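Colleague: Below is work07.cif; it holds mmCIF, C-alpha atoms.
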data_target
loop_
_atom_site.label_atom_id
_atom_site.label_comp_id
_atom_site.auth_asym_id
_atom_site.auth_seq_id
_atom_site.Cartn_x
_atom_site.Cartn_y
_atom_site.Cartn_z
CA MET A 1 96.89 -86.44 26.37
CA SER A 2 93.66 -88.11 27.49
CA ASN A 3 90.59 -86.23 26.31
CA LEU A 4 88.35 -87.45 29.14
CA HIS A 5 86.31 -84.37 30.21
CA LYS A 6 88.76 -82.09 28.44
CA THR A 7 87.70 -78.61 27.36
CA ALA A 8 88.58 -76.59 24.27
CA ALA A 9 88.14 -72.89 23.42
CA TYR A 10 88.38 -71.21 20.00
CA HIS A 11 89.09 -67.75 18.66
CA THR A 12 88.96 -66.77 14.98
CA LEU A 13 90.68 -63.82 13.32
CA GLY A 14 89.95 -62.70 9.77
CA CYS A 15 87.50 -63.80 7.14
CA LYS A 16 84.28 -65.79 6.92
CA LEU A 17 86.28 -68.72 5.50
CA ASN A 18 88.29 -68.87 8.74
CA PHE A 19 85.04 -68.94 10.75
CA ALA A 20 83.83 -71.90 8.68
CA GLU A 21 87.11 -73.75 9.23
CA THR A 22 87.22 -73.05 12.98
CA SER A 23 83.75 -74.57 13.24
CA THR A 24 84.92 -77.71 11.43
CA ILE A 25 87.92 -78.06 13.78
CA ALA A 26 85.63 -77.49 16.78
CA ARG A 27 83.24 -80.20 15.59
CA GLN A 28 86.18 -82.63 15.25
CA LEU A 29 87.23 -81.94 18.84
CA THR A 30 83.65 -82.12 20.13
CA ASP A 31 83.18 -85.49 18.40
CA ALA A 32 86.38 -86.66 20.12
CA GLY A 33 84.99 -85.74 23.55
CA TYR A 34 86.20 -82.17 24.14
CA ASP A 35 83.63 -79.81 25.64
CA LYS A 36 83.54 -76.37 24.05
CA VAL A 37 83.95 -73.40 26.43
CA SER A 38 84.30 -69.63 26.03
CA PHE A 39 87.78 -68.33 25.12
CA ASP A 40 88.04 -66.40 28.39
CA ASP A 41 87.20 -69.50 30.45
CA ARG A 42 89.71 -71.98 31.80
CA ALA A 43 90.27 -74.53 29.00
CA ASP A 44 92.68 -77.39 28.38
CA ILE A 45 93.21 -76.35 24.76
CA TYR A 46 92.99 -72.94 23.08
CA VAL A 47 92.82 -72.96 19.29
CA ILE A 48 93.54 -69.61 17.60
CA ASN A 49 92.78 -69.44 13.87
CA THR A 50 94.89 -66.62 12.45
CA CYS A 51 94.75 -64.24 9.50
CA SER A 52 97.62 -62.50 7.70
CA VAL A 53 95.83 -59.97 5.53
CA THR A 54 96.89 -57.01 7.71
CA GLU A 55 99.79 -56.29 10.05
CA ASN A 56 97.20 -55.79 12.75
CA ALA A 57 96.06 -59.43 12.46
CA ASP A 58 99.63 -60.56 13.21
CA ARG A 59 99.68 -58.47 16.38
CA GLU A 60 96.24 -59.74 17.35
CA CYS A 61 97.59 -63.31 17.37
CA LYS A 62 99.99 -62.40 20.19
CA LEU A 63 97.22 -60.61 22.07
CA HIS A 64 94.98 -63.70 22.06
CA VAL A 65 97.82 -66.00 23.14
CA LYS A 66 98.17 -63.71 26.19
CA ARG A 67 94.39 -63.92 26.76
CA ALA A 68 94.57 -67.71 26.74
CA MET A 69 97.53 -67.76 29.14
CA LYS A 70 95.67 -65.42 31.49
CA ALA A 71 92.61 -67.70 31.50
CA ASN A 72 94.73 -70.83 32.12
CA PRO A 73 98.56 -70.66 32.33
CA GLU A 74 98.64 -74.47 31.99
CA GLY A 75 96.38 -74.54 28.90
CA LEU A 76 97.79 -75.75 25.58
CA VAL A 77 97.80 -73.12 22.82
CA VAL A 78 97.48 -74.25 19.20
CA ILE A 79 97.85 -71.74 16.35
CA VAL A 80 96.40 -72.51 12.89
CA GLY A 81 95.44 -70.43 9.84
CA CYS A 82 97.14 -68.17 7.32
CA TYR A 83 99.67 -66.55 9.67
CA ALA A 84 100.59 -70.03 10.92
CA GLN A 85 101.37 -71.13 7.34
CA LEU A 86 103.35 -67.99 6.46
CA LYS A 87 105.35 -67.47 9.68
CA PRO A 88 105.34 -70.75 11.64
CA GLU A 89 108.82 -70.31 13.17
CA GLU A 90 108.03 -66.75 14.25
CA ILE A 91 104.80 -67.86 15.93
CA SER A 92 106.52 -70.77 17.68
CA GLN A 93 108.70 -68.19 19.51
CA ILE A 94 105.65 -66.44 21.05
CA GLU A 95 105.58 -67.17 24.76
CA GLY A 96 102.77 -69.60 25.56
CA VAL A 97 102.44 -71.17 22.07
CA ASP A 98 102.73 -74.97 22.14
CA LEU A 99 101.80 -76.08 18.62
CA VAL A 100 101.71 -74.41 15.18
CA LEU A 101 99.84 -76.21 12.39
CA GLY A 102 100.10 -75.18 8.74
CA ALA A 103 97.44 -75.25 6.03
CA LYS A 104 97.74 -78.99 5.40
CA GLU A 105 97.94 -80.04 9.06
CA LYS A 106 95.21 -77.97 10.74
CA PHE A 107 92.42 -80.44 9.96
CA ASN A 108 94.49 -83.26 11.52
CA ILE A 109 94.70 -81.41 14.83
CA LEU A 110 93.52 -84.44 16.84
CA SER A 111 96.52 -86.54 15.81
CA TYR A 112 98.87 -83.91 17.30
CA LEU A 113 97.13 -83.47 20.66
CA ASP A 114 97.69 -86.86 22.31
CA ASP A 115 101.36 -86.32 23.13
CA LEU A 116 101.29 -82.54 23.42
CA LYS A 117 102.76 -81.06 26.59
CA LYS A 118 103.00 -77.44 27.78
CA SER A 119 106.08 -75.96 26.10
CA GLU A 120 109.05 -74.92 28.24
CA SER A 121 110.60 -72.89 25.45
CA GLU A 122 109.24 -72.69 21.90
CA GLY A 123 106.23 -74.35 20.30
CA ILE A 124 106.34 -77.37 17.99
CA VAL A 125 105.81 -76.63 14.30
CA HIS A 126 104.11 -78.93 11.79
CA SER A 127 103.90 -77.02 8.54
CA CYS A 128 104.31 -78.34 5.01
CA GLU A 129 105.40 -76.43 1.91
CA ILE A 130 102.28 -74.72 0.59
CA GLU A 131 102.69 -76.58 -2.75
CA GLU A 132 101.67 -79.76 -0.91
CA THR A 133 98.32 -78.23 0.06
CA ASP A 134 96.28 -79.53 -2.85
CA PHE A 135 93.33 -81.23 -1.13
CA PHE A 136 89.98 -79.77 -0.08
CA ILE A 137 88.31 -80.01 3.32
CA GLY A 138 84.65 -79.01 3.26
CA SER A 139 83.58 -76.75 6.13
CA TYR A 140 80.66 -74.79 7.39
CA SER A 141 80.22 -72.67 10.48
CA ILE A 142 77.17 -72.16 12.57
CA GLY A 143 78.14 -69.02 14.44
CA ASP A 144 74.59 -68.20 15.43
CA ARG A 145 71.15 -69.66 14.83
CA THR A 146 70.45 -67.31 11.93
CA ARG A 147 73.13 -67.89 9.31
CA ALA A 148 75.90 -70.32 8.38
CA PHE A 149 79.07 -69.77 6.37
CA LEU A 150 79.50 -72.58 3.83
CA LYS A 151 82.97 -73.10 2.37
CA VAL A 152 82.86 -74.14 -1.29
CA GLN A 153 86.38 -73.26 -2.49
CA ASP A 154 89.88 -72.64 -1.11
CA GLY A 155 93.18 -71.23 -2.37
CA CYS A 156 93.87 -68.88 -5.28
CA ASP A 157 95.79 -69.05 -8.57
CA TYR A 158 95.81 -65.27 -9.03
CA LYS A 159 99.07 -63.40 -8.52
CA CYS A 160 97.90 -60.03 -7.24
CA THR A 161 101.04 -58.12 -6.31
CA TYR A 162 99.89 -57.08 -2.81
CA CYS A 163 98.49 -60.41 -1.62
CA THR A 164 99.92 -63.25 0.49
CA ILE A 165 96.83 -65.47 0.36
CA PRO A 166 98.18 -67.82 -2.37
CA LEU A 167 101.29 -68.28 -0.15
CA ALA A 168 99.10 -69.01 2.88
CA ARG A 169 96.35 -71.11 1.30
CA GLY A 170 97.85 -72.70 -1.82
CA ILE A 171 96.33 -73.37 -5.23
CA SER A 172 92.69 -72.91 -6.18
CA ARG A 173 90.62 -75.99 -5.41
CA SER A 174 86.95 -76.73 -4.85
CA ASP A 175 84.59 -78.95 -2.93
CA THR A 176 82.51 -81.36 -5.02
CA ILE A 177 78.99 -80.18 -5.82
CA GLU A 178 77.75 -83.37 -4.14
CA ASN A 179 79.45 -82.46 -0.84
CA VAL A 180 78.39 -78.79 -0.99
CA LEU A 181 74.77 -79.89 -1.43
CA LYS A 182 75.11 -82.41 1.43
CA ASN A 183 76.45 -79.65 3.73
CA ALA A 184 73.70 -77.24 2.61
CA LYS A 185 71.04 -79.85 3.44
CA GLU A 186 72.61 -80.44 6.89
CA ILE A 187 72.46 -76.69 7.53
CA ALA A 188 68.81 -76.58 6.39
CA GLU A 189 67.94 -79.39 8.80
CA ARG A 190 69.20 -77.21 11.69
CA ASP A 191 66.55 -74.59 10.89
CA ILE A 192 69.18 -72.04 9.84
CA LYS A 193 67.56 -69.56 7.49
CA GLU A 194 70.57 -68.13 5.65
CA ILE A 195 73.70 -69.57 4.05
CA VAL A 196 76.65 -67.36 3.07
CA LEU A 197 78.80 -68.99 0.38
CA THR A 198 82.47 -68.48 1.15
CA GLY A 199 85.92 -69.25 -0.24
CA VAL A 200 89.12 -67.45 -1.24
CA ASN A 201 88.06 -67.01 -4.87
CA ILE A 202 84.57 -68.49 -5.14
CA GLY A 203 84.00 -67.40 -8.74
CA ASP A 204 86.76 -69.91 -9.65
CA TYR A 205 84.55 -72.69 -8.24
CA GLY A 206 84.96 -76.02 -10.06
CA LYS A 207 88.73 -75.89 -10.47
CA GLY A 208 90.32 -78.74 -8.54
CA GLU A 209 86.95 -80.32 -7.75
CA PHE A 210 88.33 -83.73 -8.76
CA GLY A 211 92.02 -83.09 -8.07
CA ASN A 212 92.83 -81.66 -11.51
CA LYS A 213 92.87 -78.17 -12.99
CA ARG A 214 89.86 -78.70 -15.24
CA HIS A 215 86.50 -77.20 -14.47
CA GLU A 216 84.05 -80.10 -14.43
CA HIS A 217 81.52 -77.64 -12.99
CA THR A 218 81.35 -73.85 -12.86
CA PHE A 219 80.16 -71.29 -10.33
CA LEU A 220 76.93 -71.04 -12.35
CA ASP A 221 76.42 -74.84 -12.02
CA LEU A 222 76.99 -74.56 -8.26
CA ILE A 223 74.46 -71.79 -7.64
CA SER A 224 71.92 -73.43 -9.98
CA GLU A 225 72.09 -76.64 -7.89
CA LEU A 226 72.04 -74.81 -4.53
CA ASP A 227 68.96 -72.88 -5.61
CA GLN A 228 67.08 -76.20 -5.61
CA VAL A 229 67.91 -77.14 -1.98
CA GLU A 230 64.73 -77.22 0.09
CA GLY A 231 64.58 -75.50 3.46
CA ILE A 232 67.09 -72.69 2.90
CA GLU A 233 65.28 -69.36 2.79
CA ARG A 234 68.27 -67.25 1.77
CA ILE A 235 71.63 -67.80 0.12
CA ARG A 236 74.09 -64.90 0.02
CA ILE A 237 77.17 -64.87 -2.22
CA SER A 238 80.20 -63.47 -0.38
CA SER A 239 82.97 -61.65 -2.25
CA ILE A 240 83.30 -62.59 -5.96
CA GLU A 241 85.83 -61.29 -8.51
CA PRO A 242 84.26 -59.04 -11.19
CA ASN A 243 85.83 -60.99 -14.07
CA LEU A 244 84.29 -64.22 -12.71
CA LEU A 245 80.82 -62.80 -12.03
CA LYS A 246 79.17 -63.62 -15.37
CA ASP A 247 75.91 -62.18 -16.71
CA GLU A 248 74.32 -65.66 -16.48
CA SER A 249 75.00 -65.78 -12.71
CA ILE A 250 73.55 -62.29 -12.25
CA GLU A 251 70.46 -63.34 -14.24
CA LEU A 252 70.05 -66.49 -12.12
CA VAL A 253 70.20 -64.49 -8.87
CA SER A 254 67.61 -62.05 -10.24
CA LYS A 255 65.13 -64.92 -10.83
CA SER A 256 66.17 -67.13 -7.89
CA LYS A 257 63.90 -68.30 -5.08
CA SER A 258 66.71 -68.33 -2.50
CA PHE A 259 69.68 -66.21 -3.71
CA VAL A 260 69.35 -62.68 -2.37
CA PRO A 261 69.97 -59.44 -4.31
CA HIS A 262 73.30 -58.66 -2.66
CA PHE A 263 76.75 -58.76 -4.28
CA HIS A 264 80.17 -57.95 -2.87
CA ILE A 265 82.65 -57.29 -5.68
CA PRO A 266 86.31 -56.35 -5.04
CA LEU A 267 87.49 -53.37 -7.09
CA GLN A 268 90.72 -52.40 -5.23
CA SER A 269 91.34 -49.31 -7.40
CA GLY A 270 89.45 -47.07 -9.81
CA SER A 271 92.68 -46.34 -11.72
CA ASP A 272 93.42 -48.66 -14.65
CA ASP A 273 97.16 -47.97 -14.21
CA LEU A 274 97.03 -49.22 -10.62
CA LEU A 275 94.84 -52.22 -11.50
CA LYS A 276 97.59 -53.29 -13.94
CA LYS A 277 100.29 -52.77 -11.27
CA MET A 278 98.20 -54.86 -8.88
CA LYS A 279 97.88 -57.58 -11.59
CA ARG A 280 94.10 -57.58 -11.27
CA ARG A 281 92.32 -59.41 -14.10
CA TYR A 282 89.97 -56.62 -15.24
CA LEU A 283 89.90 -52.87 -15.82
CA THR A 284 87.37 -50.27 -14.70
CA LYS A 285 85.20 -50.67 -17.83
CA LEU A 286 84.46 -54.32 -17.03
CA TYR A 287 83.75 -53.43 -13.38
CA ASN A 288 81.39 -50.65 -14.45
CA ASP A 289 79.60 -53.07 -16.82
CA ARG A 290 79.09 -55.63 -14.02
CA VAL A 291 77.59 -53.07 -11.64
CA ASN A 292 75.29 -51.70 -14.33
CA LYS A 293 74.16 -55.21 -15.33
CA ILE A 294 73.16 -55.87 -11.69
CA ARG A 295 71.33 -52.54 -11.51
CA GLU A 296 69.54 -53.28 -14.81
CA VAL A 297 68.02 -56.60 -13.61
CA MET A 298 67.91 -55.86 -9.85
CA PRO A 299 67.53 -52.10 -9.25
CA HIS A 300 67.08 -52.78 -5.50
CA ALA A 301 70.26 -54.93 -5.10
CA ALA A 302 72.92 -54.04 -2.53
CA ILE A 303 76.41 -53.85 -4.05
CA GLY A 304 79.45 -53.77 -1.75
CA VAL A 305 82.96 -52.93 -2.93
CA ASP A 306 86.46 -53.67 -1.58
CA VAL A 307 89.01 -50.92 -2.24
CA ILE A 308 92.67 -50.47 -1.23
CA VAL A 309 94.13 -47.01 -0.55
CA GLY A 310 97.82 -46.11 -0.51
CA PHE A 311 99.07 -48.76 -2.95
CA PRO A 312 102.58 -47.90 -4.25
CA GLY A 313 102.29 -45.39 -7.09
CA GLU A 314 98.87 -44.10 -5.95
CA THR A 315 99.44 -40.39 -6.54
CA GLU A 316 96.86 -37.81 -5.45
CA GLU A 317 95.59 -37.80 -9.06
CA LYS A 318 95.21 -41.61 -9.19
CA PHE A 319 93.46 -41.65 -5.81
CA MET A 320 90.99 -39.03 -7.07
CA GLU A 321 90.35 -41.26 -10.12
CA THR A 322 89.27 -43.98 -7.67
CA TYR A 323 87.21 -41.52 -5.64
CA GLN A 324 85.37 -40.14 -8.68
CA PHE A 325 84.82 -43.62 -10.16
CA LEU A 326 83.23 -44.82 -6.91
CA ASN A 327 81.28 -41.60 -6.42
CA GLU A 328 79.59 -42.00 -9.81
CA LEU A 329 79.04 -45.75 -9.53
CA PRO A 330 75.57 -46.90 -8.27
CA ILE A 331 76.98 -48.96 -5.39
CA THR A 332 75.80 -49.33 -1.77
CA TYR A 333 78.82 -49.41 0.55
CA LEU A 334 82.63 -49.78 0.62
CA HIS A 335 85.05 -51.90 2.62
CA VAL A 336 88.18 -49.74 2.66
CA PHE A 337 91.60 -51.29 3.31
CA THR A 338 94.75 -49.28 3.97
CA TYR A 339 97.62 -50.82 2.01
CA SER A 340 100.33 -52.40 4.19
CA GLU A 341 103.57 -53.91 2.90
CA ARG A 342 103.66 -57.72 3.09
CA GLU A 343 106.83 -59.79 2.89
CA ASN A 344 107.37 -61.85 -0.29
CA THR A 345 105.00 -59.75 -2.39
CA GLU A 346 105.94 -57.78 -5.51
CA ALA A 347 104.26 -54.63 -4.26
CA ALA A 348 106.53 -54.44 -1.22
CA GLU A 349 109.47 -53.74 -3.58
CA MET A 350 107.68 -51.15 -5.72
CA ASP A 351 108.57 -47.45 -5.95
CA GLY A 352 106.14 -44.66 -5.20
CA VAL A 353 105.54 -45.50 -1.54
CA VAL A 354 102.64 -43.46 -0.14
CA PRO A 355 103.27 -41.94 3.31
CA VAL A 356 101.26 -43.68 6.04
CA ALA A 357 99.55 -40.43 7.10
CA GLU A 358 98.35 -39.94 3.51
CA ARG A 359 97.08 -43.54 3.37
CA LYS A 360 95.03 -42.89 6.52
CA LYS A 361 93.62 -39.63 5.13
CA ARG A 362 92.48 -41.39 1.93
CA ASN A 363 90.95 -44.22 3.94
CA LYS A 364 88.90 -41.68 5.90
CA MET A 365 87.71 -39.93 2.71
CA LEU A 366 86.44 -43.21 1.27
CA ARG A 367 84.79 -44.26 4.53
CA ILE A 368 82.85 -40.98 4.55
CA LEU A 369 81.87 -41.63 0.91
CA SER A 370 80.75 -45.14 1.89
CA GLU A 371 78.51 -43.77 4.64
CA LYS A 372 76.92 -41.29 2.20
CA LYS A 373 76.35 -44.06 -0.37
CA LYS A 374 74.80 -46.36 2.21
CA MET A 375 72.44 -43.70 3.57
CA ALA A 376 71.39 -42.73 0.01
CA PHE A 377 70.63 -46.40 -0.71
CA TYR A 378 68.70 -46.83 2.55
CA GLN A 379 66.67 -43.72 1.63
CA THR A 380 65.53 -45.43 -1.60
CA GLN A 381 64.22 -48.39 0.44
CA LEU A 382 62.08 -46.40 2.90
CA GLY A 383 58.35 -47.01 2.54
CA LYS A 384 58.90 -50.48 1.04
CA THR A 385 57.67 -53.69 2.68
CA LEU A 386 60.59 -56.12 2.76
CA PRO A 387 61.39 -59.48 4.41
CA VAL A 388 63.65 -59.10 7.47
CA LEU A 389 65.57 -61.98 9.07
CA TRP A 390 65.97 -61.24 12.80
CA GLU A 391 69.16 -62.16 14.69
CA HIS A 392 69.27 -63.63 18.19
CA GLU A 393 71.25 -60.95 20.02
CA ASN A 394 69.54 -58.64 22.52
CA LYS A 395 71.45 -55.33 22.59
CA ASP A 396 70.05 -53.03 25.28
CA GLY A 397 66.49 -54.17 24.57
CA LYS A 398 66.84 -53.92 20.79
CA MET A 399 67.17 -56.63 18.14
CA PHE A 400 68.65 -56.29 14.66
CA GLY A 401 68.17 -57.95 11.32
CA PHE A 402 68.81 -57.57 7.60
CA THR A 403 66.55 -57.32 4.62
CA GLU A 404 67.45 -59.50 1.64
CA ASN A 405 69.21 -56.49 0.10
CA TYR A 406 71.28 -55.87 3.23
CA VAL A 407 69.49 -52.96 4.88
CA ARG A 408 70.16 -53.22 8.63
CA VAL A 409 66.99 -52.72 10.64
CA GLN A 410 66.06 -52.72 14.33
CA LYS A 411 63.07 -53.04 16.63
CA ASP A 412 62.37 -53.70 20.32
CA PHE A 413 63.62 -57.16 21.29
CA ASP A 414 61.02 -59.90 20.94
CA PRO A 415 62.22 -63.48 21.56
CA ALA A 416 59.44 -64.81 19.29
CA SER A 417 61.05 -63.01 16.32
CA VAL A 418 64.52 -64.58 16.68
CA ASN A 419 65.54 -66.44 13.49
CA GLN A 420 62.18 -65.55 11.90
CA ILE A 421 61.56 -63.77 8.62
CA GLU A 422 58.93 -61.04 8.90
CA PHE A 423 57.58 -58.76 6.16
CA LEU A 424 57.92 -55.23 7.51
CA ASN A 425 57.60 -51.68 6.33
CA LEU A 426 60.88 -49.71 6.38
CA GLU A 427 60.03 -46.51 8.20
CA LYS A 428 62.94 -44.14 8.83
CA ILE A 429 66.71 -44.00 9.22
CA LEU A 430 67.67 -43.76 12.91
CA PRO A 431 70.65 -41.79 14.34
CA ASP A 432 72.74 -44.98 14.65
CA GLY A 433 72.37 -45.64 10.89
CA THR A 434 69.90 -48.52 11.18
CA VAL A 435 66.31 -48.36 9.93
CA SER A 436 63.17 -48.59 12.07
CA VAL A 437 60.33 -50.85 10.91
CA GLN A 438 56.59 -51.22 11.35
CA SER A 439 54.54 -54.29 10.67
CA SER A 440 52.53 -53.86 7.49
CA TYR A 441 49.33 -53.83 9.57
CA GLU A 442 50.64 -51.03 11.78
CA SER A 443 51.73 -49.01 8.75
CA PHE A 444 48.26 -49.55 7.24
CA LEU A 445 46.69 -48.15 10.45
CA ALA A 446 49.06 -45.21 10.45
CA LYS A 447 47.95 -44.28 6.93
CA ALA A 448 44.26 -44.80 7.66
#
Translate this file's structure into structure tokens.

Modeller:
Amino acid sequence: MSNLHKTAAYHTLGCKLNFAETSTIARQLTDAGYDKVSFDDRADIYVINTCSVTENADRECKLHVKRAMKANPEGLVVIVGCYAQLKPEEISQIEGVDLVLGAKEKFNILSYLDDLKKSESEGIVHSCEIEETDFFIGSYSIGDRTRAFLKVQDGCDYKCTYCTIPLARGISRSDTIENVLKNAKEIAERDIKEIVLTGVNIGDYGKGEFGNKRHEHTFLDLISELDQVEGIERIRISSIEPNLLKDESIELVSKSKSFVPHFHIPLQSGSDDLLKKMKRRYLTKLYNDRVNKIREVMPHAAIGVDVIVGFPGETEEKFMETYQFLNELPITYLHVFTYSERENTEAAEMDGVVPVAERKKRNKMLRILSEKKKMAFYQTQLGKTLPVLWEHENKDGKMFGFTENYVRVQKDFDPASVNQIEFLNLEKILPDGTVSVQSSYESFLAKA
């Protein structure tokens, strides 16, 4: 297939890591002469990067294939990502799919496009056994002008009983510090103010950096080096396992010039019995200690928590253990996931299945708790003058941004503020849950 004046469109499902990888694939195609267009435009190639964490993500894949076929029935549809690695044959049967690339093949997409033709029946599959996926491709995404997602690690060696990610992404492996720093500097040169570090299990950083299982470097080494990169105003750590978030890393963030006081730490359950059934590598005491350590050195830090409801064996009593544990914990917000059975996982075979209606009820209870926690945290920040990084979107004449500690604020849209950091006084919580701001000068006048 000649790529003279060819166009390509991209859609990403799932996590920040997928966004980083889609951007890398898009840059490869752009470098090879493909013009990037919107996913709903007529394109020669549609690349869909899939997720498999929820059943819903699987269904979404089919939905976006239909979208592509509606935009251009002759367009070639390429599916990559976690779902593509786990269920390549199933995806190849979806009407409109032409090519399915597994975890090892997705970064070689260009070598598969030259001879690709629109499929008459089922798509072509190129997918290795996941054991062969033992190399690392560095990626970063520039989704908007404000922040970039920087991939530092991939894969996972943990064996959590509910999770398919090790099956979809392979063993834990890391980028070299040298390459991470090179990518961070490239991002800085583009005048992007914030980097979000991403990976499957970023606290395991260093494993597989040089193709072996040893840790030549650690997560602490990585963040110490990144803290020295000039030109990056903010670095945010995405999700990190509690057992891998060491006191030294928390201390470094508390004294850092660029790392922001914001942590996202998966808990999954507040019941020690369920944590053992899930094969998590910590119990609630360690989790509690981590949160309190953060609060001790950074009282103003935002702390987000992942939690799963409806895991097999989660009785009403065990769910209430989770609820009470979270209620008493000084955290900021929750990401609540409703457990869904995944093929080839231990949990799918476990007794004590929780009815779906009960799973949904528990999800709602925790989402209400999350909203209360977030509003209580926002309340503690009112009256403070904090740096806000403004995003580029204009939503009905308003613009939005985040403080370092993840308070979402808004003001009237001003193009001069886009991608700028401004010190502003947090005024009041608005009905939509964001916070209004005044410039420090205006707040001074108001008090005068």

Colleague: Considering all atoms listed in the file, return as an mmCIF file with C-alpha atoms, keeping the file's coordinate frame whatever protein or nucleic-acid residues lie within 12 Å of Gly81 in chain A, sequence-local ones (same chain, fewer than 3 positions apart) excluded.

Modeller:
data_model
loop_
_atom_site.group_PDB
_atom_site.id
_atom_site.type_symbol
_atom_site.label_atom_id
_atom_site.label_comp_id
_atom_site.auth_asym_id
_atom_site.auth_seq_id
_atom_site.Cartn_x
_atom_site.Cartn_y
_atom_site.Cartn_z
ATOM 1 C CA HIS A 11 89.090 -67.750 18.660
ATOM 2 C CA THR A 12 88.960 -66.770 14.980
ATOM 3 C CA LEU A 13 90.680 -63.820 13.320
ATOM 4 C CA GLY A 14 89.950 -62.700 9.770
ATOM 5 C CA CYS A 15 87.500 -63.800 7.140
ATOM 6 C CA LEU A 17 86.280 -68.720 5.500
ATOM 7 C CA ASN A 18 88.290 -68.870 8.740
ATOM 8 C CA PHE A 19 85.040 -68.940 10.750
ATOM 9 C CA ALA A 20 83.830 -71.900 8.680
ATOM 10 C CA GLU A 21 87.110 -73.750 9.230
ATOM 11 C CA THR A 22 87.220 -73.050 12.980
ATOM 12 C CA ILE A 25 87.920 -78.060 13.780
ATOM 13 C CA VAL A 47 92.820 -72.960 19.290
ATOM 14 C CA ILE A 48 93.540 -69.610 17.600
ATOM 15 C CA ASN A 49 92.780 -69.440 13.870
ATOM 16 C CA THR A 50 94.890 -66.620 12.450
ATOM 17 C CA CYS A 51 94.750 -64.240 9.500
ATOM 18 C CA SER A 52 97.620 -62.500 7.700
ATOM 19 C CA VAL A 53 95.830 -59.970 5.530
ATOM 20 C CA ALA A 57 96.060 -59.430 12.460
ATOM 21 C CA ASP A 58 99.630 -60.560 13.210
ATOM 22 C CA CYS A 61 97.590 -63.310 17.370
ATOM 23 C CA VAL A 78 97.480 -74.250 19.200
ATOM 24 C CA ALA A 84 100.590 -70.030 10.920
ATOM 25 C CA GLN A 85 101.370 -71.130 7.340
ATOM 26 C CA LEU A 86 103.350 -67.990 6.460
ATOM 27 C CA LYS A 87 105.350 -67.470 9.680
ATOM 28 C CA PRO A 88 105.340 -70.750 11.640
ATOM 29 C CA ILE A 91 104.800 -67.860 15.930
ATOM 30 C CA VAL A 100 101.710 -74.410 15.180
ATOM 31 C CA LEU A 101 99.840 -76.210 12.390
ATOM 32 C CA GLY A 102 100.100 -75.180 8.740
ATOM 33 C CA ALA A 103 97.440 -75.250 6.030
ATOM 34 C CA LYS A 104 97.740 -78.990 5.400
ATOM 35 C CA GLU A 105 97.940 -80.040 9.060
ATOM 36 C CA LYS A 106 95.210 -77.970 10.740
ATOM 37 C CA PHE A 107 92.420 -80.440 9.960
ATOM 38 C CA SER A 127 103.900 -77.020 8.540
ATOM 39 C CA ILE A 165 96.830 -65.470 0.360
ATOM 40 C CA LEU A 167 101.290 -68.280 -0.150
ATOM 41 C CA ALA A 168 99.100 -69.010 2.880
ATOM 42 C CA ARG A 169 96.350 -71.110 1.300
#

Colleague: When the PyMOL selection byres ((chain A and resi 291-294) around 10) is applied to the structure above, which residues does it catch, written out as number ranges by chain?

Modeller: A: 242, 246-247, 250-251, 253-254, 261-263, 265, 286-290, 295-303, 329-331

Colleague: Which distance in Å separates CA of Thr284 in chain A and CA of Tyr339 in chain A, to one decimal?

Modeller: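 CA of Tyr339 in chain A lies at a distance of 19.6 Å from CA of Thr284 in chain A.
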
Colleague: Separation of CA of Ser436 in chain A and CA of Thr380 in chain A, in Å?

Modeller: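 CA of Thr380 in chain A lies at a distance of 14.2 Å from CA of Ser436 in chain A.
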
Colleague: With a distance cut-off of 9 Å and only C-alpha atoms, select the neighbouring residues of Leu274 in chain A, excluding the residue or stretch itself and same-chain residues fewer than 5 positions from it, and output the selection as an MDAnalysis selection string.

Modeller: chainID A and resid 268:269 279:280 311:314 318

Colleague: For the file shown, report as an NGL selection string the outcome of the PyMOL selection byres ((chain A and resi 222) around 9) at residue level.

Modeller: :A and (177 or 180-181 or 205-206 or 217-221 or 223-227)

Colleague: Could you please take those selected residues and save C-alpha atoms as a short mmCIF file (atom, residue, chain, number, x, y, z; two decimals), keeping the file's coordinate frame?

Modeller:
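The resulting file, again_1.cif, is shown below:
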data_model
loop_
_atom_site.label_atom_id
_atom_site.label_comp_id
_atom_site.auth_asym_id
_atom_site.auth_seq_id
_atom_site.Cartn_x
_atom_site.Cartn_y
_atom_site.Cartn_z
CA ILE A 177 78.99 -80.18 -5.82
CA VAL A 180 78.39 -78.79 -0.99
CA LEU A 181 74.77 -79.89 -1.43
CA TYR A 205 84.55 -72.69 -8.24
CA GLY A 206 84.96 -76.02 -10.06
CA HIS A 217 81.52 -77.64 -12.99
CA THR A 218 81.35 -73.85 -12.86
CA PHE A 219 80.16 -71.29 -10.33
CA LEU A 220 76.93 -71.04 -12.35
CA ASP A 221 76.42 -74.84 -12.02
CA ILE A 223 74.46 -71.79 -7.64
CA SER A 224 71.92 -73.43 -9.98
CA GLU A 225 72.09 -76.64 -7.89
CA LEU A 226 72.04 -74.81 -4.53
CA ASP A 227 68.96 -72.88 -5.61
#

Colleague: I need the residue nearest Met350 in chain A from this list: A:Ser172, A:Ser111, A:Thr24, A:Thr161. Use all atoms listed in the file for the distance.

Modeller: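 Selected residue with least distance to Met350 in chain A: A:Thr161.
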
Colleague: Which distance in Å separates CA of Lys6 in chain A and CA of Asp114 in chain A, to one decimal?

Modeller: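 It comes out at 11.8 Å.
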
Colleague: With the cut-off set at 7 Å and counting all atoms listed in the file, tabulate each residue of range 265-339 of chain A with an atom at most that distance from an atom of range 366-375 of chain A, showing the nearest atom pair and its distance in Å to one decimal, ordered by chain and increasing number, as a tab-separated table.

Modeller:
residue	atom	partner	partner_atom	distance
A:Thr332	CA	A:Lys374	CA	5.1
A:Tyr333	CA	A:Ser370	CA	4.9
A:Leu334	CA	A:Ser370	CA	5.2
A:Val336	CA	A:Arg367	CA	6.7
